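Only one structure is covered here, and it is reproduced in the block below.
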Amino acid sequence: MSLLRYESQVRAPLVDGTKDYHQVTEDICRPVEAKPSRLWWTGFLISLGLLLFGIISVATEVTYGTGQWNLNRTIGWGWDITNFVWWVGIGHAGTLISAILLLFRQGWRTGVNRAAEAMTIFAVMCAGQFPVWHMGRVWNAFFVFPYPNSRGPLWVNFNSPLLWDVFAISTYFTVSLLFWYSGLIPDLATLRDRAKLKWRKAFYGVASFGWTGSTKHWQRHEALSLVLAGLSTPLVLSVHTIVSFDFATSVVPGWHTTIFPPYFVAGAIFSGFAMVQTLLLVTRKVLSLEEYITIEHIDVMNKVIVLTGSIVGIAYLTELFMAWYSAVDYEWFAFKENRLNLNSPYGWSYWLMMGCNVLSPQIFWFRKMRRNLFVTFFMSILVNIGMWFERFVIIVTSVYRDYLPSAWSTYYTPTIWEVGFYLGTFGLFFTCYFLFSKFFPVIAIAEIKHILKKNGENYKAKMTKEEEDTVSQFSEHHLHEH
Amino acid sequence: MAKKKFIVGSFTDEAVLFPAVKKVRRAGYKLHDVFTPFPIHGLDKEMGLRDTSLHTAGFIYGITGTTTAVSFITWALTIDWAINFGGKPYFALPAWIPVTFELTVLFAAVGMVLTFCWLCQLAPFVKKEHFNPRSTDDTFVMALECTGSTNEAEAQQFLQSIGATDVKVETRETGWWLGSYANDKMRFEKN
């Protein structure tokens with residue numbers, strides 16, 4: 001037992017302070033059981049206001065049609081699909097943290113996985129809004145599913161990337177939700193058993209599904225988590241791959257690139273981790289969970305950001321090189337004149353993207369910067385702005401100059417309703433996140449307890465005999481073993 | 001209704017719990033269950049529980065998803081209403097990989113979660129018995145089932161002697177909410 005729990009002293013503890021199991025429960029349940037602070041109410045009401053603005057914007061668009069947006073003849077996707085891809089990308093970090101890092105046995109995921117997964121689910125909810133409301137006649141949205149209909153039945157086109165998207169996003173949402181909730185059940189049971197108020201007992205009683213903590217249930221729960229992680233790992237990679245197919249399978253210069261799938265996946269992880277940083281830096285401060293979401297966690301996530309940011313940077317340069325090397329005039333024109341040329345109408349967006357995504361994350365090569373909360377917070381915002389512009393660059397600069405130069409004159413800017421819709425999804429996202437942080441434990445209690453005796457500061461402080469020994473003592477001690 | 005008696009003891013350290021489980025089984029008591037606040041690796045083996053076959057179920061759901069997707073798309077796009085998309089073959093298997101993959105994952109995940117809930121009898125509005133509310137906080141709770149031959153006082157003393165605190169005799173109505181793993185337990189082999 002003790003051997004299995006051993007971890008080198010070189011690794012920093014993942015839980016700071018003197019903790020025992022009960023203290024962990026207390027610390028993480030406290031924000032859930034306390035009355036919401038004034039700060040919480042302020043944030044929540046602002047989010048609700050944004051959500052309301054979004055609802056009005058969408059209602060206007062549905063009432064009067066997609067003409068309420070400034071989409072034009074060649075720019076058919078504009079802000080709407082830019083926002084879709086951006087949100088989906090953000091929705092990648094949660095499942096990556098919980099699934100891939102579970103398979104890789106990364107202990108640090110336990111501090112951040114619950115909040116990151118919640119973020120994933122809310123981000124995918126926001127993403128889903130865009131293609132749906134873009135349909136215009138949204139009451140026909142169910143046409144995207146293959147169901148027996150009176151039109152033949154005419155089936156959906158299974159050869160189309162847009163349909164693959166329907167399956168990818170809905171599957172991703174469902175599986176992430178199941179994964180998240182099955183992990184929540186034991187923690188909700190903890191809240192149920194601690195509840196003093198009647199409504200709390202009832203609410204968490206229903207939500208925890210009658211969980212008892214039986215050894216057999218834990219055995220099955222572990223099996224379930226592991227297989228769900230195994231299933232989610234290729235799923236995460238597939239989702240943004242398929243989103244990138246929306247572009248890559250077309251023959252539009254700037255979109256028609258085989259590098260898109262890995263480049264999109266790296267970008268998604270990049271922006272997802274940035275959003276996790278934004279949220280967790282605030283969450284740990286407001287809910288005083290600094291001992292669970294430590295500088296160590298932030299450091300590790302910043303390493304992921306610099307890695308994926310650099311992959312994205314290489315992808316940008318590769319596609320630029322290939323555009324030139326392919327010797328296809330249209331492809332090279334799209335890159336040289338529509339993007340690289342700073343004086344072209346959208347040249348600024350390309351260089352903004354380059355600055356935010358490729359140059360700025362390089363600061364995280366320095367350990368001091370990775371562990372600086374202000375730098376991290378600032379960078380996380382910068383990366384998300386950069387990643388929004390990446391999608392904007394791909395979607396708008398590839399099509400705003402058609403093959404027909406007579407169609408070149410229109411400069412696309414969004415209307416207030418397009419902006420309102422985007423802000424509305426922020427409202428939806430943060431409303432959900434505020435509710436989550438109030439009613440659910442933002443850190444996986446059971447998982448923290450599981451690693452506590454291996455990674456907790458007070459447990460790590462107890463060194464083993466081998467570690468206390470000097471080299472000569474150690475060799476003397478072990479010399480006569482054989 | 002029929003009632004059952006349990007001897008319930010609490011442990012605060014898993015290092016004490018492990019040998020205790022072994023001793024209880026060796027002494028021939030009927031171990032009802034151990035409730036823990038977090039998964040403890042190896043405890044299921046120690047209790048003699050067999051491995052779960054949830055993985056196998058997941059695999060079966062997964063291939064069900066694969067076959068559903070492939071056969072449905074094949075039928076829809078080649079037999080029921082074949083449409084010529086830009087002169088490409090009707091049977092365009094490579095283009096169907098994404099949807100097939102997604103349905104495989106979807107079937108496996110949804111099926112496994114439902115099976116998990118079914119096996120553990122977990123659902124909203126379900127109330128189950130776990131003897132001590134602190135078993136979801138920081139206490140490992142061991143429950144022994146009293147059979148005809150169990151001497152209660154002796155069993156209580158035995159639990160205390162192997163490190164349990166707060167040992168009590170509890171009476172509960174029998175039913176599914178207690179959970180039963182009689183089929184799950186393997187015979188204890190003395191070693």
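The chains in the structure tokens are called A, B, ... from first to last as shown; in each chain the residues are counted from 1, and the ligands are counted from 1 in the order shown.
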Could I get the residues of chain B with an atom no further than 8 Å from an atom of chain A, each paired with its nearest atom pair and that distance in Å to one decimal, using only C-alpha atoms, sorted by chain and residue number, as JSON lines?
{"residue": "B:Ala15", "atom": "CA", "partner": "A:Met1", "partner_atom": "CA", "distance": 8.0}
{"residue": "B:Asp33", "atom": "CA", "partner": "A:Ser214", "partner_atom": "CA", "distance": 6.4}
{"residue": "B:Val34", "atom": "CA", "partner": "A:Thr215", "partner_atom": "CA", "distance": 5.8}
{"residue": "B:Phe35", "atom": "CA", "partner": "A:Ser214", "partner_atom": "CA", "distance": 4.4}
{"residue": "B:Thr36", "atom": "CA", "partner": "A:Gly213", "partner_atom": "CA", "distance": 5.2}
{"residue": "B:Pro37", "atom": "CA", "partner": "A:Gly213", "partner_atom": "CA", "distance": 6.0}
{"residue": "B:Phe38", "atom": "CA", "partner": "A:Ala446", "partner_atom": "CA", "distance": 4.8}
{"residue": "B:Pro39", "atom": "CA", "partner": "A:Trp218", "partner_atom": "CA", "distance": 5.4}
{"residue": "B:Ile40", "atom": "CA", "partner": "A:His450", "partner_atom": "CA", "distance": 7.4}
{"residue": "B:Leu43", "atom": "CA", "partner": "A:Thr215", "partner_atom": "CA", "distance": 7.3}
{"residue": "B:Asp44", "atom": "CA", "partner": "A:Thr215", "partner_atom": "CA", "distance": 6.2}
{"residue": "B:Leu49", "atom": "CA", "partner": "A:Lys216", "partner_atom": "CA", "distance": 7.4}
{"residue": "B:Asp51", "atom": "CA", "partner": "A:Gln219", "partner_atom": "CA", "distance": 8.0}
{"residue": "B:Thr52", "atom": "CA", "partner": "A:Arg220", "partner_atom": "CA", "distance": 6.2}
{"residue": "B:Leu54", "atom": "CA", "partner": "A:Ala223", "partner_atom": "CA", "distance": 6.9}
{"residue": "B:His55", "atom": "CA", "partner": "A:Ala223", "partner_atom": "CA", "distance": 6.9}
{"residue": "B:Gly58", "atom": "CA", "partner": "A:Val227", "partner_atom": "CA", "distance": 7.8}
{"residue": "B:Ile73", "atom": "CA", "partner": "A:Phe158", "partner_atom": "CA", "distance": 7.2}
{"residue": "B:Ala76", "atom": "CA", "partner": "A:Trp155", "partner_atom": "CA", "distance": 6.6}
{"residue": "B:Leu77", "atom": "CA", "partner": "A:Trp155", "partner_atom": "CA", "distance": 7.7}
{"residue": "B:Trp81", "atom": "CA", "partner": "A:Leu154", "partner_atom": "CA", "distance": 7.0}
{"residue": "B:Ala92", "atom": "CA", "partner": "A:Asn159", "partner_atom": "CA", "distance": 7.5}
{"residue": "B:Ala95", "atom": "CA", "partner": "A:Asn159", "partner_atom": "CA", "distance": 5.2}
{"residue": "B:Trp96", "atom": "CA", "partner": "A:Asn159", "partner_atom": "CA", "distance": 6.3}
{"residue": "B:Pro98", "atom": "CA", "partner": "A:Trp164", "partner_atom": "CA", "distance": 6.1}
{"residue": "B:Val99", "atom": "CA", "partner": "A:Trp164", "partner_atom": "CA", "distance": 5.7}
{"residue": "B:Glu102", "atom": "CA", "partner": "A:Ala168", "partner_atom": "CA", "distance": 6.0}
{"residue": "B:Leu103", "atom": "CA", "partner": "A:Thr171", "partner_atom": "CA", "distance": 7.5}
{"residue": "B:Val105", "atom": "CA", "partner": "A:Leu231", "partner_atom": "CA", "distance": 6.1}
{"residue": "B:Leu106", "atom": "CA", "partner": "A:Thr171", "partner_atom": "CA", "distance": 5.7}
{"residue": "B:Ala109", "atom": "CA", "partner": "A:Val175", "partner_atom": "CA", "distance": 6.3}
{"residue": "B:Val110", "atom": "CA", "partner": "A:Val175", "partner_atom": "CA", "distance": 7.3}
{"residue": "B:Met112", "atom": "CA", "partner": "A:Leu224", "partner_atom": "CA", "distance": 7.0}
{"residue": "B:Val113", "atom": "CA", "partner": "A:Leu178", "partner_atom": "CA", "distance": 7.2}
{"residue": "B:Phe116", "atom": "CA", "partner": "A:Arg220", "partner_atom": "CA", "distance": 6.9}
{"residue": "B:Cys120", "atom": "CA", "partner": "A:His217", "partner_atom": "CA", "distance": 6.0}
{"residue": "B:Leu122", "atom": "CA", "partner": "A:Phe209", "partner_atom": "CA", "distance": 5.1}
{"residue": "B:Ala123", "atom": "CA", "partner": "A:Phe209", "partner_atom": "CA", "distance": 4.4}
{"residue": "B:Pro124", "atom": "CA", "partner": "A:Phe209", "partner_atom": "CA", "distance": 4.4}
{"residue": "B:Phe125", "atom": "CA", "partner": "A:Val206", "partner_atom": "CA", "distance": 4.8}
{"residue": "B:Val126", "atom": "CA", "partner": "A:Gly210", "partner_atom": "CA", "distance": 5.0}
{"residue": "B:Lys127", "atom": "CA", "partner": "A:Gly210", "partner_atom": "CA", "distance": 4.8}
{"residue": "B:Lys128", "atom": "CA", "partner": "A:Gly210", "partner_atom": "CA", "distance": 5.4}
{"residue": "B:Glu129", "atom": "CA", "partner": "A:Thr212", "partner_atom": "CA", "distance": 6.9}
{"residue": "B:His130", "atom": "CA", "partner": "A:Thr212", "partner_atom": "CA", "distance": 5.5}
{"residue": "B:Pro133", "atom": "CA", "partner": "A:Asp193", "partner_atom": "CA", "distance": 5.2}
{"residue": "B:Arg134", "atom": "CA", "partner": "A:Asp193", "partner_atom": "CA", "distance": 7.2}
{"residue": "B:Ser135", "atom": "CA", "partner": "A:Gly213", "partner_atom": "CA", "distance": 7.2}
{"residue": "B:Thr136", "atom": "CA", "partner": "A:Thr190", "partner_atom": "CA", "distance": 5.0}
{"residue": "B:Asp137", "atom": "CA", "partner": "A:His22", "partner_atom": "CA", "distance": 6.0}
{"residue": "B:Asp138", "atom": "CA", "partner": "A:Tyr21", "partner_atom": "CA", "distance": 5.1}
Item to complete: Name all residues at most 7 Å from region 257-264 of chain A (count only C-alpha atoms; drop same-chain ones fewer than 3 positions away) and give them as an MDAnalysis selection string.
Response: chainID A and resid 240:241 244 248 267:268 312 315
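Closest to Thr56 (chain B) among B:Thr115, B:Phe131, B:Ile83, B:Gly175 is B:Thr115, based on only C-alpha atoms.
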Practice prompt. Determine, counting only C-alpha atoms, which protein, DNA and RNA residues have an atom within 6 Å of an atom of region 149-165 of chain B; residues of the same chain fewer than 3 positions away are not included. Present the result as a ChimeraX atom specification.
Written response: /B:9-11,20,146
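Residues surrounding Gly254 (chain A) within 10 Å are Phe247, Ala248, Glu319, Leu320, Ala323, Tyr330, Glu331, Trp332, Phe333, Ala334, Phe335, Asn338, Arg339, Val393, Ile394, Ile395, Thr397, Ser398 and Val399 of chain A [only C-alpha atoms; sequence separation below 6 positions excluded].
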Dump C-alpha atoms for the selected residues as a PDB file, in the first residue's frame?
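In the end it all went to again.pdb:
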ATOM      1  CA  PHE A 247     -13.772  24.155 -44.163  1.00  0.00           C
ATOM      2  CA  ALA A 248     -11.156  21.674 -45.310  1.00  0.00           C
ATOM      3  CA  GLU A 319      -0.118  26.759 -44.331  1.00  0.00           C
ATOM      4  CA  LEU A 320       1.505  29.997 -45.373  1.00  0.00           C
ATOM      5  CA  ALA A 323       0.077  28.387 -50.087  1.00  0.00           C
ATOM      6  CA  TYR A 330      -5.787  31.712 -55.930  1.00  0.00           C
ATOM      7  CA  GLU A 331      -4.428  30.031 -52.805  1.00  0.00           C
ATOM      8  CA  TRP A 332      -1.388  32.289 -52.692  1.00  0.00           C
ATOM      9  CA  PHE A 333      -3.535  35.361 -53.356  1.00  0.00           C
ATOM     10  CA  ALA A 334      -5.792  34.515 -50.412  1.00  0.00           C
ATOM     11  CA  PHE A 335      -2.786  34.413 -48.114  1.00  0.00           C
ATOM     12  CA  ASN A 338      -6.121  38.983 -48.078  1.00  0.00           C
ATOM     13  CA  ARG A 339      -4.152  38.132 -44.947  1.00  0.00           C
ATOM     14  CA  VAL A 393      -9.571  35.262 -40.337  1.00  0.00           C
ATOM     15  CA  ILE A 394     -10.371  31.809 -41.672  1.00  0.00           C
ATOM     16  CA  ILE A 395     -14.062  32.477 -42.170  1.00  0.00           C
ATOM     17  CA  THR A 397     -10.721  36.637 -45.238  1.00  0.00           C
ATOM     18  CA  SER A 398     -11.005  33.444 -47.264  1.00  0.00           C
ATOM     19  CA  VAL A 399     -14.281  34.432 -48.874  1.00  0.00           C
TER      20      VAL A 399
END
Practice prompt. Give me every helix (DSSP H, G or I) residue in region 67-171 of chain B, going by DSSP on the backbone, as a VMD selection string.
Written response: chain B and resid 67 to 80 93 to 120 133 to 136 152 to 161
Fill in: Surrounding residues of Thr78 (chain B) excluding itself and chain neighbours under 4 positions, 10 Å, only C-alpha atoms, as a ChimeraX atom specification
/B:72-74,82-84,89-92
Could those selected residues go to a file with N, CA and C atoms, as a CSV table (one decimal), in the first residue's frame?
chain,number,residue,atom,x,y,z
B,72,PHE,N,-27.6,1.4,-41.2
B,72,PHE,CA,-28.6,2.4,-41.5
B,72,PHE,C,-28.2,3.3,-42.7
B,73,ILE,N,-27.0,3.8,-42.7
B,73,ILE,CA,-26.6,4.7,-43.7
B,73,ILE,C,-26.5,4.0,-45.0
B,74,THR,N,-26.0,2.8,-45.0
B,74,THR,CA,-26.0,2.0,-46.3
B,74,THR,C,-27.4,1.8,-46.8
B,82,ALA,N,-31.3,6.5,-53.1
B,82,ALA,CA,-30.0,6.7,-53.5
B,82,ALA,C,-29.9,8.1,-54.2
B,83,ILE,N,-29.0,8.9,-53.7
B,83,ILE,CA,-28.8,10.2,-54.4
B,83,ILE,C,-27.4,10.3,-54.9
B,84,ASN,N,-27.3,10.9,-56.1
B,84,ASN,CA,-26.0,11.0,-56.7
B,84,ASN,C,-25.4,12.3,-56.2
B,89,PRO,N,-19.6,7.5,-55.6
B,89,PRO,CA,-20.3,6.3,-55.4
B,89,PRO,C,-21.4,6.4,-54.4
B,90,TYR,N,-22.4,5.6,-54.6
B,90,TYR,CA,-23.5,5.6,-53.6
B,90,TYR,C,-23.0,5.0,-52.2
B,91,PHE,N,-22.2,4.0,-52.4
B,91,PHE,CA,-21.7,3.3,-51.1
B,91,PHE,C,-20.4,4.0,-50.8
B,92,ALA,N,-20.5,5.1,-50.1
B,92,ALA,CA,-19.3,6.0,-49.9
B,92,ALA,C,-18.8,5.8,-48.4
Worksheet item: Counting only C-alpha atoms, what is within 10 Å of region 414-423 of chain A, bar same-chain residues fewer than 5 positions away, as a ChimeraX atom specification?
Response: /A:47,49-61,66,68-71,78-80,82-84,126-127,129-130,133,428-429
Would you save the residues of that selection, restricted to N, CA and C atoms, as an mmCIF file, in the first residue's frame?
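For reference, result33.cif as written:
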data_model
loop_
_atom_site.group_PDB
_atom_site.id
_atom_site.type_symbol
_atom_site.label_atom_id
_atom_site.label_comp_id
_atom_site.auth_asym_id
_atom_site.auth_seq_id
_atom_site.Cartn_x
_atom_site.Cartn_y
_atom_site.Cartn_z
ATOM 1 N N SER A 47 -24.606 38.685 -15.864
ATOM 2 C CA SER A 47 -24.736 37.585 -16.830
ATOM 3 C C SER A 47 -26.174 37.449 -17.306
ATOM 4 N N GLY A 49 -28.368 39.759 -17.456
ATOM 5 C CA GLY A 49 -28.643 40.889 -18.336
ATOM 6 C C GLY A 49 -28.133 40.630 -19.745
ATOM 7 N N LEU A 50 -26.896 40.103 -19.823
ATOM 8 C CA LEU A 50 -26.329 39.778 -21.138
ATOM 9 C C LEU A 50 -27.173 38.722 -21.834
ATOM 10 N N LEU A 51 -27.597 37.739 -21.052
ATOM 11 C CA LEU A 51 -28.421 36.668 -21.616
ATOM 12 C C LEU A 51 -29.702 37.250 -22.198
ATOM 13 N N LEU A 52 -30.277 38.193 -21.472
ATOM 14 C CA LEU A 52 -31.511 38.828 -21.926
ATOM 15 C C LEU A 52 -31.273 39.560 -23.243
ATOM 16 N N PHE A 53 -30.149 40.280 -23.316
ATOM 17 C CA PHE A 53 -29.791 40.983 -24.553
ATOM 18 C C PHE A 53 -29.672 39.974 -25.696
ATOM 19 N N GLY A 54 -29.056 38.834 -25.405
ATOM 20 C CA GLY A 54 -28.918 37.785 -26.411
ATOM 21 C C GLY A 54 -30.270 37.277 -26.873
ATOM 22 N N ILE A 55 -31.186 37.094 -25.921
ATOM 23 C CA ILE A 55 -32.513 36.585 -26.275
ATOM 24 C C ILE A 55 -33.227 37.582 -27.175
ATOM 25 N N ILE A 56 -33.096 38.883 -26.846
ATOM 26 C CA ILE A 56 -33.731 39.914 -27.679
ATOM 27 C C ILE A 56 -33.120 39.896 -29.083
ATOM 28 N N SER A 57 -31.777 39.776 -29.140
ATOM 29 C CA SER A 57 -31.110 39.763 -30.445
ATOM 30 C C SER A 57 -31.577 38.589 -31.291
ATOM 31 N N VAL A 58 -31.675 37.433 -30.658
ATOM 32 C CA VAL A 58 -32.086 36.246 -31.400
ATOM 33 C C VAL A 58 -33.554 36.366 -31.805
ATOM 34 N N ALA A 59 -34.361 36.906 -30.907
ATOM 35 C CA ALA A 59 -35.783 37.065 -31.229
ATOM 36 C C ALA A 59 -35.945 37.981 -32.435
ATOM 37 N N THR A 60 -35.148 39.050 -32.476
ATOM 38 C CA THR A 60 -35.205 39.966 -33.625
ATOM 39 C C THR A 60 -34.828 39.230 -34.903
ATOM 40 N N GLU A 61 -33.763 38.452 -34.796
ATOM 41 C CA GLU A 61 -33.284 37.738 -35.984
ATOM 42 C C GLU A 61 -34.333 36.733 -36.462
ATOM 43 N N THR A 66 -32.678 36.327 -41.221
ATOM 44 C CA THR A 66 -31.232 36.505 -41.094
ATOM 45 C C THR A 66 -30.753 37.782 -41.766
ATOM 46 N N GLN A 68 -31.308 40.498 -40.685
ATOM 47 C CA GLN A 68 -30.922 41.358 -39.563
ATOM 48 C C GLN A 68 -29.419 41.322 -39.325
ATOM 49 N N TRP A 69 -28.765 40.332 -39.889
ATOM 50 C CA TRP A 69 -27.312 40.266 -39.788
ATOM 51 C C TRP A 69 -26.716 40.828 -41.067
ATOM 52 N N ASN A 70 -25.471 41.274 -40.987
ATOM 53 C CA ASN A 70 -24.853 41.896 -42.154
ATOM 54 C C ASN A 70 -24.192 40.896 -43.103
ATOM 55 N N LEU A 71 -24.634 39.653 -43.070
ATOM 56 C CA LEU A 71 -24.047 38.680 -43.991
ATOM 57 C C LEU A 71 -24.340 39.129 -45.408
ATOM 58 N N GLY A 78 -19.821 34.718 -41.485
ATOM 59 C CA GLY A 78 -19.558 35.884 -40.635
ATOM 60 C C GLY A 78 -19.305 35.601 -39.168
ATOM 61 N N TRP A 79 -19.822 36.488 -38.328
ATOM 62 C CA TRP A 79 -19.618 36.360 -36.882
ATOM 63 C C TRP A 79 -20.225 35.075 -36.342
ATOM 64 N N ASP A 80 -21.361 34.720 -36.897
ATOM 65 C CA ASP A 80 -22.115 33.601 -36.338
ATOM 66 C C ASP A 80 -21.283 32.325 -36.255
ATOM 67 N N THR A 82 -18.057 32.090 -36.792
ATOM 68 C CA THR A 82 -16.829 32.387 -36.044
ATOM 69 C C THR A 82 -17.053 32.088 -34.558
ATOM 70 N N ASN A 83 -18.182 32.587 -34.046
ATOM 71 C CA ASN A 83 -18.482 32.368 -32.634
ATOM 72 C C ASN A 83 -18.721 30.893 -32.338
ATOM 73 N N PHE A 84 -19.362 30.213 -33.268
ATOM 74 C CA PHE A 84 -19.605 28.775 -33.091
ATOM 75 C C PHE A 84 -18.291 28.030 -32.914
ATOM 76 N N CYS A 126 -23.355 26.943 -25.667
ATOM 77 C CA CYS A 126 -23.296 28.241 -26.363
ATOM 78 C C CYS A 126 -23.010 28.034 -27.841
ATOM 79 N N ALA A 127 -22.049 27.133 -28.126
ATOM 80 C CA ALA A 127 -21.670 26.893 -29.517
ATOM 81 C C ALA A 127 -22.870 26.427 -30.323
ATOM 82 N N GLN A 129 -25.871 27.079 -30.165
ATOM 83 C CA GLN A 129 -26.854 28.106 -30.528
ATOM 84 C C GLN A 129 -26.624 28.648 -31.933
ATOM 85 N N PHE A 130 -25.343 28.803 -32.311
ATOM 86 C CA PHE A 130 -25.048 29.561 -33.533
ATOM 87 C C PHE A 130 -25.528 28.883 -34.808
ATOM 88 N N TRP A 133 -29.540 28.911 -34.808
ATOM 89 C CA TRP A 133 -30.252 30.161 -35.112
ATOM 90 C C TRP A 133 -29.859 30.713 -36.468
ATOM 91 N N LEU A 428 -25.279 33.433 -21.295
ATOM 92 C CA LEU A 428 -25.677 32.044 -21.041
ATOM 93 C C LEU A 428 -24.566 31.291 -20.324
ATOM 94 N N PHE A 429 -23.359 31.464 -20.833
ATOM 95 C CA PHE A 429 -22.205 30.753 -20.289
ATOM 96 C C PHE A 429 -21.982 31.111 -18.822
#
Worksheet, complete the sentence: If you count only C-alpha atoms, the residue of A:Met125, A:Ala274, A:Leu39, A:Leu177 closest to Ile90 (chain A) turns out to be A:Ala274
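When only C-alpha atoms are used to measure the gap to Ala143 (chain B), the shortest distance among B:Gly48, B:Ile79, B:Gln121, B:Thr171 belongs to B:Thr171.
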Worksheet item: So which residues touch region 298-311 of chain A within 8 Å, counting only C-alpha atoms, skipping near sequence neighbours fewer than 4 positions away, as an NGL selection string?
Response: :A and (263 or 266-267 or 269-270 or 273-274 or 277 or 293-294 or 315 or 357-358 or 361-362 or 364-365 or 367 or 370-371 or 376)
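In this model, the gap between CA of Ile97 (chain A) and CA of Ala118 (chain A) comes to 11.6 Å.
Rounded to one decimal, CA of Gly456 (chain A) and CA of Ser475 (chain A) lie 28.9 Å from each other.
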Item to complete: Using backbone DSSP assignments, extract all strand (DSSP E or B) residues from chain B; output them as a ChimeraX atom specification.
Response: /B:3-11,30-35,49,140-145,165-173,185
